[in-house]
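Everything below belongs to protein-v3.txt, which stores compact mmCIF, C-alpha atoms and all ligand atoms.
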```txt
# COMPACT_ATOMS: atom_id res chain seq x y z
CA MET A 1 -31.22 34.51 40.10
CA THR A 2 -28.43 36.76 38.87
CA PHE A 3 -27.81 37.12 35.18
CA GLU A 4 -24.52 35.18 35.59
CA SER A 5 -26.19 32.24 37.28
CA GLN A 6 -28.91 32.24 34.61
CA ILE A 7 -26.19 31.88 32.00
CA ALA A 8 -24.48 29.10 33.93
CA ALA A 9 -27.82 27.33 34.39
CA ALA A 10 -28.58 27.56 30.68
CA LEU A 11 -25.23 26.11 29.55
CA PRO A 12 -25.58 22.54 28.30
CA LEU A 13 -22.04 21.71 29.46
CA PRO A 14 -21.18 20.74 33.03
CA VAL A 15 -19.59 23.81 34.70
CA MET A 16 -18.28 23.82 38.26
CA VAL A 17 -15.99 25.71 40.59
CA VAL A 18 -13.81 23.91 43.14
CA ASP A 19 -11.87 25.41 46.03
CA GLY A 20 -8.31 24.68 47.16
CA ASP A 21 -9.41 21.37 48.72
CA LEU A 22 -11.29 20.35 45.57
CA ARG A 23 -14.63 20.96 47.29
CA LEU A 24 -17.44 21.90 44.93
CA GLN A 25 -18.47 25.51 45.49
CA PHE A 26 -20.66 25.72 42.45
CA ALA A 27 -22.19 23.27 40.00
CA ASN A 28 -24.63 24.12 37.21
CA PRO A 29 -27.58 21.84 36.35
CA ALA A 30 -25.59 20.10 33.59
CA ALA A 31 -22.92 19.27 36.20
CA GLU A 32 -25.62 17.95 38.56
CA GLN A 33 -26.74 15.71 35.77
CA PHE A 34 -23.19 14.61 35.01
CA PHE A 35 -22.63 13.60 38.62
CA GLY A 36 -26.15 12.28 39.03
CA ARG A 37 -26.69 14.34 42.23
CA GLY A 38 -28.81 17.40 42.98
CA ALA A 39 -27.31 20.77 43.84
CA ALA A 40 -27.93 20.34 47.55
CA LEU A 41 -25.96 17.10 47.62
CA LEU A 42 -23.11 18.47 45.54
CA GLN A 43 -22.54 21.74 47.38
CA GLY A 44 -19.41 21.49 49.54
CA ARG A 45 -18.77 17.93 48.53
CA SER A 46 -15.27 16.92 47.44
CA LEU A 47 -14.72 16.27 43.77
CA LEU A 48 -12.64 13.32 44.98
CA ASP A 49 -15.88 11.58 45.99
CA PHE A 50 -16.42 11.17 42.26
CA VAL A 51 -13.03 11.00 40.62
CA ALA A 52 -9.74 9.41 41.67
CA PRO A 53 -7.31 11.68 43.59
CA ASP A 54 -4.45 10.54 41.35
CA GLY A 55 -6.65 10.66 38.25
CA PRO A 56 -6.39 12.96 35.24
CA LEU A 57 -9.04 15.51 36.30
CA ALA A 58 -7.37 16.19 39.64
CA ALA A 59 -4.03 16.50 37.81
CA LEU A 60 -5.53 18.95 35.31
CA ILE A 61 -6.91 21.14 38.10
CA ALA A 62 -3.55 21.11 39.90
CA GLN A 63 -1.86 22.10 36.67
CA ALA A 64 -4.20 25.01 36.03
CA ARG A 65 -3.62 26.21 39.56
CA SER A 66 0.18 25.99 39.38
CA ARG A 67 0.31 27.70 35.99
CA GLY A 68 -2.31 30.26 36.89
CA ALA A 69 -3.82 29.66 33.48
CA SER A 70 -6.34 27.67 31.52
CA VAL A 71 -5.48 24.09 30.58
CA THR A 72 -7.47 21.84 28.25
CA GLU A 73 -7.12 18.12 27.95
CA ARG A 74 -8.98 15.87 25.60
CA GLY A 75 -10.36 12.44 26.14
CA LEU A 76 -9.91 12.31 29.92
CA ASP A 77 -10.92 8.96 31.31
CA LEU A 78 -13.11 9.79 34.31
CA SER A 79 -14.42 6.26 34.70
CA GLY A 80 -14.77 5.01 38.23
CA PRO A 81 -17.16 3.32 40.65
CA ARG A 82 -19.23 6.49 41.14
CA LEU A 83 -19.46 7.81 37.60
CA GLY A 84 -19.40 4.61 35.58
CA GLU A 85 -17.61 4.63 32.26
CA ARG A 86 -17.14 8.27 31.30
CA VAL A 87 -14.80 10.08 28.96
CA ALA A 88 -14.73 13.87 28.57
CA ASP A 89 -12.73 16.79 27.26
CA ALA A 90 -12.00 19.07 30.20
CA THR A 91 -10.84 22.65 30.65
CA ALA A 92 -9.61 23.89 34.01
CA THR A 93 -9.14 27.63 34.49
CA ALA A 94 -7.54 29.16 37.57
CA LEU A 95 -9.67 32.01 38.88
CA ALA A 96 -8.25 35.14 40.49
CA GLY A 97 -5.98 34.18 43.38
CA ASN A 98 -5.30 30.72 41.89
CA THR A 99 -7.16 28.86 44.63
CA GLN A 100 -10.53 28.44 42.99
CA VAL A 101 -10.61 26.63 39.67
CA LEU A 102 -13.39 26.71 37.11
CA VAL A 103 -13.87 23.33 35.44
CA THR A 104 -15.90 22.73 32.30
CA LEU A 105 -16.46 19.32 30.78
CA GLN A 106 -17.60 18.12 27.41
CA GLU A 107 -18.53 14.52 27.47
CA CYS A 108 -17.37 12.39 24.53
CA THR A 109 -19.55 9.63 23.25
CA ARG A 110 -17.78 6.35 22.61
CA ALA A 111 -18.14 6.93 18.91
CA GLN A 112 -16.53 10.36 19.03
CA ARG A 113 -13.68 9.03 21.08
CA MET A 114 -13.02 6.23 18.65
CA GLU A 115 -13.23 8.50 15.67
CA ARG A 116 -10.87 10.99 17.17
CA GLN A 117 -8.05 8.73 18.15
CA LEU A 118 -8.52 5.03 18.24
CA LEU A 119 -9.65 4.47 14.71
CA PRO A 120 -6.49 5.61 12.98
CA ARG A 121 -4.42 3.65 15.49
CA ASP A 122 -6.39 0.46 15.01
CA ALA A 123 -6.17 0.88 11.28
CA VAL A 124 -2.44 1.28 11.55
CA ARG A 125 -2.14 -1.79 13.73
CA SER A 126 -4.12 -4.00 11.37
CA MET A 127 -2.09 -2.51 8.56
CA HIS A 128 1.11 -3.61 10.19
CA GLY A 129 0.05 -7.22 10.56
CA MET A 130 -1.20 -7.32 7.03
CA ALA A 131 1.91 -5.69 5.61
CA SER A 132 4.29 -8.17 7.15
CA VAL A 133 2.20 -11.19 6.16
CA LEU A 134 1.91 -9.95 2.60
CA ALA A 135 5.56 -9.08 2.33
CA HIS A 136 6.57 -12.46 3.56
CA GLU A 137 4.07 -14.65 1.75
CA ILE A 138 3.85 -12.88 -1.58
CA LYS A 139 7.19 -11.38 -2.43
CA ASN A 140 9.10 -14.65 -2.74
CA PRO A 141 6.68 -16.47 -5.06
CA LEU A 142 6.30 -13.24 -6.97
CA ALA A 143 10.02 -13.13 -7.65
CA ALA A 144 9.82 -16.73 -8.89
CA ILE A 145 6.90 -15.90 -11.22
CA ARG A 146 8.80 -12.94 -12.61
CA GLY A 147 11.91 -15.05 -13.17
CA ALA A 148 9.91 -17.69 -14.99
CA ALA A 149 8.26 -15.08 -17.20
CA GLN A 150 11.68 -13.72 -18.14
CA LEU A 151 12.83 -17.20 -19.12
CA LEU A 152 9.71 -17.61 -21.26
CA GLU A 153 10.36 -14.26 -22.89
CA ASP A 154 13.76 -15.50 -24.04
CA GLN A 155 12.26 -18.67 -25.46
CA THR A 156 9.25 -17.40 -27.39
CA ASP A 157 8.71 -15.01 -30.26
CA ASP A 158 5.58 -13.49 -28.74
CA LYS A 159 7.11 -11.26 -26.09
CA GLY A 160 3.82 -9.55 -25.19
CA LEU A 161 2.44 -11.95 -22.62
CA PRO A 162 5.66 -12.56 -20.66
CA GLN A 163 6.24 -8.80 -20.60
CA LEU A 164 2.73 -8.28 -19.28
CA ILE A 165 3.42 -10.75 -16.48
CA CYS A 166 6.67 -8.95 -15.60
CA ALA A 167 5.01 -5.54 -15.61
CA GLU A 168 2.15 -6.71 -13.40
CA THR A 169 4.42 -8.50 -10.93
CA ASP A 170 6.47 -5.29 -10.69
CA ARG A 171 3.30 -3.35 -9.93
CA ILE A 172 2.30 -5.76 -7.16
CA ARG A 173 5.80 -5.59 -5.73
CA ALA A 174 5.71 -1.80 -5.65
CA LEU A 175 2.37 -1.92 -3.83
CA ILE A 176 3.78 -4.31 -1.23
CA ASP A 177 6.85 -2.11 -0.80
CA SER A 178 4.66 0.88 -0.11
CA MET A 179 2.74 -1.15 2.47
CA GLU A 180 5.92 -2.20 4.19
CA SER A 181 6.46 1.36 5.29
CA PHE A 182 3.71 0.57 7.81
CA GLY A 183 6.07 -1.64 9.77
CA ASP A 184 6.24 -1.61 13.55
CA ALA A 185 6.05 1.70 15.35
CA GLU A 186 9.57 3.02 14.89
CA ALA A 187 11.16 5.48 17.23
CA VAL A 188 11.21 8.70 15.26
CA GLY A 189 14.25 10.89 15.11
CA GLN A 190 14.36 13.10 18.19
CA GLY A 191 15.58 16.07 16.23
CA ALA A 192 14.25 19.60 16.63
CA VAL A 193 12.44 20.25 13.37
CA ASN A 194 11.41 23.67 12.10
CA ILE A 195 7.92 22.91 10.82
CA HIS A 196 7.99 25.95 8.52
CA GLU A 197 10.97 24.45 6.70
CA VAL A 198 8.98 21.23 6.34
CA LEU A 199 6.04 23.14 4.89
CA GLY A 200 8.35 25.13 2.61
CA ARG A 201 9.77 21.92 1.20
CA VAL A 202 6.29 20.45 0.76
CA ARG A 203 5.06 23.56 -1.00
CA ALA A 204 8.06 23.60 -3.34
CA LEU A 205 7.53 19.94 -4.20
CA ALA A 206 3.82 20.47 -4.75
CA GLU A 207 4.24 23.56 -6.90
CA THR A 208 6.76 21.93 -9.20
CA GLY A 209 4.92 18.63 -9.18
CA PHE A 210 1.27 17.82 -8.73
CA ALA A 211 -0.44 20.94 -7.48
CA GLY A 212 -0.98 22.59 -10.90
CA PRO A 213 -2.50 26.04 -10.73
CA ALA A 214 -3.52 25.86 -7.06
CA GLU A 215 -2.89 29.00 -5.04
CA PHE A 216 -1.04 28.53 -1.76
CA ARG A 217 -1.61 30.77 1.23
CA GLU A 218 0.43 30.72 4.40
CA ASN A 219 -0.74 31.70 7.81
CA PHE A 220 2.26 31.02 10.02
CA ASP A 221 3.05 31.79 13.63
CA PRO A 222 6.69 32.91 13.25
CA SER A 223 7.46 32.35 16.93
CA LEU A 224 6.45 28.69 16.86
CA PRO A 225 8.93 26.44 18.71
CA ALA A 226 10.58 23.47 17.01
CA VAL A 227 8.74 20.14 16.71
CA ALA A 228 10.23 16.96 18.15
CA GLY A 229 10.56 14.60 15.22
CA ASP A 230 11.97 13.61 11.91
CA PHE A 231 12.20 16.10 9.04
CA GLY A 232 11.82 13.58 6.22
CA ARG A 233 8.82 11.86 7.72
CA LEU A 234 7.06 15.10 8.52
CA VAL A 235 7.56 16.09 4.87
CA GLN A 236 5.85 12.79 3.96
CA VAL A 237 2.89 13.64 6.21
CA PHE A 238 2.26 17.10 4.79
CA LEU A 239 3.02 16.05 1.23
CA ASN A 240 0.21 13.50 1.47
CA LEU A 241 -2.19 16.04 2.97
CA VAL A 242 -1.34 18.67 0.35
CA SER A 243 -1.59 16.09 -2.41
CA ASN A 244 -5.09 15.13 -1.25
CA ALA A 245 -6.05 18.80 -0.96
CA SER A 246 -4.85 19.50 -4.47
CA ASP A 247 -6.75 16.48 -5.82
CA ALA A 248 -9.92 17.85 -4.23
CA LEU A 249 -9.66 21.43 -5.53
CA PRO A 250 -12.11 22.85 -8.04
CA ALA A 251 -10.72 23.34 -11.56
CA GLN A 252 -10.54 27.08 -10.97
CA GLY A 253 -10.00 29.20 -7.89
CA GLY A 254 -8.45 26.37 -5.87
CA VAL A 255 -6.77 27.57 -2.67
CA ILE A 256 -4.69 25.57 -0.20
CA VAL A 257 -4.05 27.26 3.15
CA LEU A 258 -1.13 26.09 5.28
CA SER A 259 -1.28 27.37 8.82
CA THR A 260 0.57 26.90 12.09
CA ARG A 261 -0.23 28.00 15.60
CA TYR A 262 0.73 27.44 19.19
CA ARG A 263 -1.98 25.97 21.40
CA GLN A 264 -1.59 26.29 25.10
CA GLY A 265 -2.04 23.25 27.23
CA LEU A 266 -3.62 20.58 25.02
CA ARG A 267 -2.76 17.14 26.34
CA VAL A 268 -3.72 13.69 25.15
CA GLY A 269 -2.84 10.10 25.94
CA SER A 270 0.06 8.86 23.87
CA ALA A 271 -0.69 5.91 21.60
CA SER A 272 2.51 4.08 22.30
CA SER A 273 3.32 4.64 25.96
CA GLY A 274 -0.11 5.54 27.36
CA ALA A 275 1.60 8.48 29.09
CA ARG A 276 0.04 11.89 28.57
CA VAL A 277 1.89 14.22 26.27
CA THR A 278 1.44 17.90 25.52
CA LEU A 279 0.80 18.71 21.87
CA PRO A 280 1.12 22.46 21.57
CA ILE A 281 1.99 22.69 17.88
CA GLU A 282 -0.91 22.70 15.47
CA VAL A 283 -0.32 22.51 11.74
CA ALA A 284 -3.33 22.67 9.45
CA VAL A 285 -3.83 22.01 5.75
CA GLN A 286 -7.10 23.44 4.45
CA ASP A 287 -8.58 23.35 0.98
CA ASN A 288 -11.70 24.77 -0.64
CA GLY A 289 -12.59 21.59 -2.51
CA ALA A 290 -15.86 19.69 -2.46
CA GLY A 291 -15.17 18.07 0.91
CA ILE A 292 -15.53 14.55 2.24
CA ALA A 293 -18.92 12.86 2.47
CA PRO A 294 -19.97 12.49 6.15
CA ALA A 295 -20.39 8.74 5.69
CA LEU A 296 -16.82 8.41 4.45
CA LEU A 297 -15.27 10.64 7.10
CA PRO A 298 -14.90 8.02 9.87
CA GLN A 299 -13.03 5.72 7.48
CA ILE A 300 -10.62 7.97 5.63
CA PHE A 301 -7.64 6.99 7.80
CA ASP A 302 -8.23 3.30 7.10
CA PRO A 303 -5.98 1.68 4.55
CA PHE A 304 -7.43 1.11 1.06
CA VAL A 305 -10.24 3.62 1.49
CA THR A 306 -10.25 5.71 -1.66
CA THR A 307 -12.69 7.46 -3.97
CA LYS A 308 -10.10 7.99 -6.68
CA ALA A 309 -9.81 5.83 -9.78
CA SER A 310 -6.03 5.60 -9.46
CA GLY A 311 -5.82 6.02 -5.67
CA LYS A 312 -4.40 3.37 -3.40
CA GLY A 313 -6.05 4.74 -0.28
CA LEU A 314 -2.76 4.55 1.58
CA GLY A 315 -1.93 8.26 1.90
CA LEU A 316 -3.94 9.01 5.03
CA ALA A 317 -3.19 5.64 6.64
CA LEU A 318 0.49 6.55 6.31
CA VAL A 319 -0.19 10.04 7.71
CA ALA A 320 -1.90 8.49 10.76
CA LYS A 321 0.97 6.07 11.22
CA ILE A 322 3.74 8.69 11.05
CA VAL A 323 1.87 11.19 13.22
CA GLY A 324 1.27 8.38 15.74
CA ASP A 325 5.00 7.57 15.74
CA HIS A 326 5.54 11.21 16.69
CA ALA A 327 3.06 10.77 19.59
CA GLY A 328 0.85 13.31 17.83
CA ILE A 329 -2.74 13.19 16.61
CA VAL A 330 -4.42 14.04 13.32
CA GLU A 331 -8.01 15.19 12.96
CA CYS A 332 -10.23 16.10 10.06
CA ASP A 333 -13.20 18.46 9.69
CA SER A 334 -14.95 18.69 6.39
CA VAL A 335 -17.88 20.62 4.96
CA PRO A 336 -18.33 21.35 1.26
CA GLY A 337 -15.92 24.14 0.39
CA ARG A 338 -13.75 23.74 3.47
CA THR A 339 -11.80 20.65 4.45
CA THR A 340 -9.21 20.93 7.21
CA PHE A 341 -6.70 18.36 8.36
CA ARG A 342 -5.13 19.34 11.67
CA VAL A 343 -1.96 17.72 12.95
CA LEU A 344 -1.03 18.24 16.61
CA LEU A 345 2.60 17.63 17.50
CA PRO A 346 4.84 17.78 20.56
CA MET A 347 7.52 20.43 20.80
CA ALA A 348 11.21 19.60 20.86
CA GLU A 349 12.19 20.61 24.41
CA GLU A 350 9.45 18.52 25.97
CA ARG A 351 10.89 15.28 24.64
CA SER A 352 14.43 15.62 25.89
N1 LIG B 1 -8.73 17.18 1.23
C1 LIG B 1 -9.62 16.27 0.85
N2 LIG B 1 -10.79 16.61 0.24
C2 LIG B 1 -11.69 15.69 -0.15
N3 LIG B 1 -11.53 14.36 0.03
C3 LIG B 1 -10.40 13.94 0.63
C4 LIG B 1 -9.39 14.85 1.08
N4 LIG B 1 -8.40 14.14 1.65
C5 LIG B 1 -8.76 12.85 1.56
N5 LIG B 1 -9.95 12.72 0.95
C6 LIG B 1 -10.68 11.46 0.71
O1 LIG B 1 -10.07 10.43 1.47
C7 LIG B 1 -9.70 9.35 0.61
C8 LIG B 1 -8.48 8.68 1.17
O2 LIG B 1 -7.32 9.49 1.04
P1 LIG B 1 -5.90 8.79 0.95
O3 LIG B 1 -4.85 9.87 0.81
O4 LIG B 1 -5.75 7.84 2.08
O5 LIG B 1 -5.98 7.93 -0.37
P2 LIG B 1 -5.99 8.43 -1.87
O6 LIG B 1 -5.57 9.87 -1.96
O7 LIG B 1 -7.31 8.07 -2.45
O8 LIG B 1 -4.88 7.50 -2.51
P3 LIG B 1 -3.28 7.58 -2.29
O9 LIG B 1 -2.90 6.27 -1.67
O10 LIG B 1 -2.73 7.78 -3.63
O11 LIG B 1 -3.01 8.74 -1.36
C9 LIG B 1 -9.54 9.98 -0.75
O12 LIG B 1 -9.74 9.03 -1.78
C10 LIG B 1 -10.63 11.05 -0.74
O13 LIG B 1 -11.88 10.50 -1.05
MG MG B 2 -3.86 10.57 -0.98
```
What is this file in structure tokens?
Ligand SMILES: Nc1ncnc2c1ncn2[C@@H]1O[C@H](COP(=O)(O)OP(=O)(O)OP(=O)(O)O)[C@@H](O)[C@H]1O
Ligand SMILES: [Mg+2]
Amino acid sequence: MTFESQIAAALPLPVMVVDGDLRLQFANPAAEQFFGRGAALLQGRSLLDFVAPDGPLAALIAQARSRGASVTERGLDLSGPRLGERVADATATALAGNTQVLVTLQECTRAQRMERQLLPRDAVRSMHGMASVLAHEIKNPLAAIRGAAQLLEDQTDDKGLPQLICAETDRIRALIDSMESFGDAEAVGQGAVNIHEVLGRVRALAETGFAGPAEFRENFDPSLPAVAGDFGRLVQVFLNLVSNASDALPAQGGVIVLSTRYRQGLRVGSASSGARVTLPIEVAVQDNGAGIAPALLPQIFDPFVTTKASGKGLGLALVAKIVGDHAGIVECDSVPGRTTFRVLLPMAEERS
């Protein structure tokens, strides 16, 4: 065995090479396991015996070949009669000459898949139903209660209790108003937004407002293309992420890093249309705070999940909702001392 084939054999990920007709020229043991066939049975066999010809893996390979480059796509649904229910991240890389393509897969467990994308969306959906029911069923009687309390206030000498009722009804009303921003998926503005201007605005707001002595660092890709979206709503997204980061910082030496970069060829299924969109713009907000407990991590995008005494737990649910309206995705990695929220967004030209 050559050194190269020893490496390929040792890799835990399925690795294969297909030719111009999608016939398997090479498959490592992890790939044999993935397909449930031994090397002898796989050699020379068409990949199309396992996956649909019009499916996402075949499309990814065609794309790598036509671009002559490496293309990664997450959460590909490879389910079919031969493979059963399978979902994987896949990278296809055109080899010299652009005929042969190297394909690597990383299978996602159901749980990972849900955590990555579906959970925030489901949370947002349940949020929407709840918001409209609450708005409808509570706001009207609340206005009546407030009106009655005001009448009482005029008629009694002890103003304290009626005032308390007014203040509390106002608080409930404000909470409902903030939930109403979770209404139906709205078409976001199709403008071309300079994400660095968004981050500049967020930083200015944070520095004059809540962020206290935190140090900001910027790690920007100056050649980044414009994002397709809505300036004001993207400010809302990053303001919430920066606000959470600043809440998490240690009393001294707190650092928030804002970074942007261009990522070639990452595609995911769009929440709204189901079509696949390219999300080449990555914007990250990182802090050096204590981090998020692993048990809490899968739930942070759910509404009303908070560890803060005065938190509403709506910040990240709103982030997930707005990013979803932009057809983007948001992910979080957290270890003590380093928490990163990554937002992946489409670029402006692609939308039009
Ligand atoms: N950068 C971070 N570091 C540590 N924990 C975080 C971070 N971001 C979010 N969290 C955790 O996720 C929880 C949910 O955040 P979210 O923004 O949704 O609500 P919140 O900040 O508690 O309240 P609010 O509605 O005021 O934003 C937080 O209470 C916190 O425990
Ligand atoms: Mg928050």
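Comparing the minimum interatomic distances between Arg267 of chain A and each of A:Ala96, A:Leu60, A:Ala284, A:Leu42, counting all atoms listed in the file, we find that A:Leu60 sits nearest.
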Chain A near ligand LIG 1 (chain B) within 8 Å: what's each residue's closest atom pair and its distance in Å to one decimal, counting all atoms listed in the file, ordered by chain then ascending residue number, as a Markdown table?
```
| residue | atom | partner | partner_atom | distance |
| --- | --- | --- | --- | --- |
| A:Asn240 | CA | B:LIG1 | O3 | 6.3 |
| A:Leu241 | CA | B:LIG1 | N4 | 6.6 |
| A:Val242 | CA | B:LIG1 | N1 | 7.6 |
| A:Ser243 | CA | B:LIG1 | O6 | 7.4 |
| A:Asn244 | CA | B:LIG1 | N4 | 4.5 |
| A:Ala245 | CA | B:LIG1 | N1 | 3.8 |
| A:Ser246 | CA | B:LIG1 | N1 | 7.3 |
| A:Asp247 | CA | B:LIG1 | C1 | 7.3 |
| A:Ala248 | CA | B:LIG1 | N2 | 4.7 |
| A:Leu249 | CA | B:LIG1 | N2 | 7.6 |
| A:Gln286 | CA | B:LIG1 | N1 | 7.2 |
| A:Asp287 | CA | B:LIG1 | N1 | 6.2 |
| A:Gly289 | CA | B:LIG1 | N2 | 6.0 |
| A:Ala290 | CA | B:LIG1 | C2 | 6.2 |
| A:Gly291 | CA | B:LIG1 | C2 | 4.3 |
| A:Ile292 | CA | B:LIG1 | N3 | 4.6 |
| A:Ala293 | CA | B:LIG1 | N3 | 7.9 |
| A:Leu296 | CA | B:LIG1 | O1 | 7.7 |
| A:Leu297 | CA | B:LIG1 | O1 | 7.7 |
| A:Ile300 | CA | B:LIG1 | O1 | 4.9 |
| A:Phe301 | CA | B:LIG1 | O4 | 6.1 |
| A:Asp302 | CA | B:LIG1 | O4 | 7.2 |
| A:Pro303 | CA | B:LIG1 | O4 | 6.6 |
| A:Phe304 | CA | B:LIG1 | O4 | 7.0 |
| A:Val305 | CA | B:LIG1 | C8 | 5.4 |
| A:Thr306 | CA | B:LIG1 | O12 | 3.4 |
| A:Thr307 | CA | B:LIG1 | O12 | 4.0 |
| A:Lys308 | CA | B:LIG1 | O12 | 5.0 |
| A:Ser310 | CA | B:LIG1 | O10 | 7.0 |
| A:Gly311 | CA | B:LIG1 | O8 | 3.6 |
| A:Lys312 | CA | B:LIG1 | O9 | 3.7 |
| A:Gly313 | CA | B:LIG1 | O5 | 3.2 |
| A:Leu314 | CA | B:LIG1 | O9 | 3.7 |
| A:Gly315 | CA | B:LIG1 | O11 | 3.5 |
| A:Leu316 | CA | B:LIG1 | O4 | 3.7 |
| A:Ala317 | CA | B:LIG1 | O4 | 5.7 |
| A:Leu318 | CA | B:LIG1 | O4 | 7.6 |
| A:Ser334 | CA | B:LIG1 | N2 | 7.7 |
| A:Thr339 | CA | B:LIG1 | N1 | 5.6 |
| A:Thr340 | CA | B:LIG1 | N1 | 7.1 |
| A:Phe341 | CA | B:LIG1 | N1 | 7.5 |
```
Where's the centre, and what are the edge lengths in Å to one decimal, of a box along x, y and z enclosing all listed atoms of segment 281-293 of chain A padded 5 Å per side, as lines of an AutoDock Vina configuration file?
```
center_x = -8.5
center_y = 18.8
center_z = 7.7
size_x = 30.9
size_y = 21.9
size_z = 30.4
```
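Ranking A:Val15, A:Ala40, A:Ala295, A:Val343 by their shortest atom-to-atom distance to Glu282 of chain A, with all atoms listed in the file included, puts A:Val343 first.
Across the structure, atom CA of Tyr262 of chain A and atom CA of Ser223 of chain A are spaced 8.6 Å apart.
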### Query
Near His196 of chain A, within 12 Å and counting all atoms listed in the file, which residues show up once chain neighbours fewer than 5 positions away are dropped, as a list in words?
Arg201, Val202, Arg203, Glu218, Asn219, Phe220, Asp221, Pro222, Ser223, Leu224, Pro225, Ala226, Val227, Phe231, Leu234, Val235, Phe238, Leu258, Ser259, Thr260, Arg261, Ile281, Glu282, Val283 and Ala284 of chain A
### Message
I'd like the neighbourhood of Gln252 of chain A as a PyMOL selection string, where a residue qualifies if any of its atoms comes within 10 Å (using only C-alpha atoms), though same-chain residues fewer than 4 positions away should be ignored.
### Response
chain A and resi 213-215
Using C-alpha atoms, can you export the residues from the last selection as a tab-separated table (two decimals), in the frame of the given file?
```tsv
chain	number	residue	atom	x	y	z
A	213	PRO	CA	-2.50	26.04	-10.73
A	214	ALA	CA	-3.52	25.86	-7.06
A	215	GLU	CA	-2.89	29.00	-5.04
```
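Reported to one decimal place, the separation of atom CA of Lys321 of chain A from atom CA of Gln299 of chain A is 14.5 Å.
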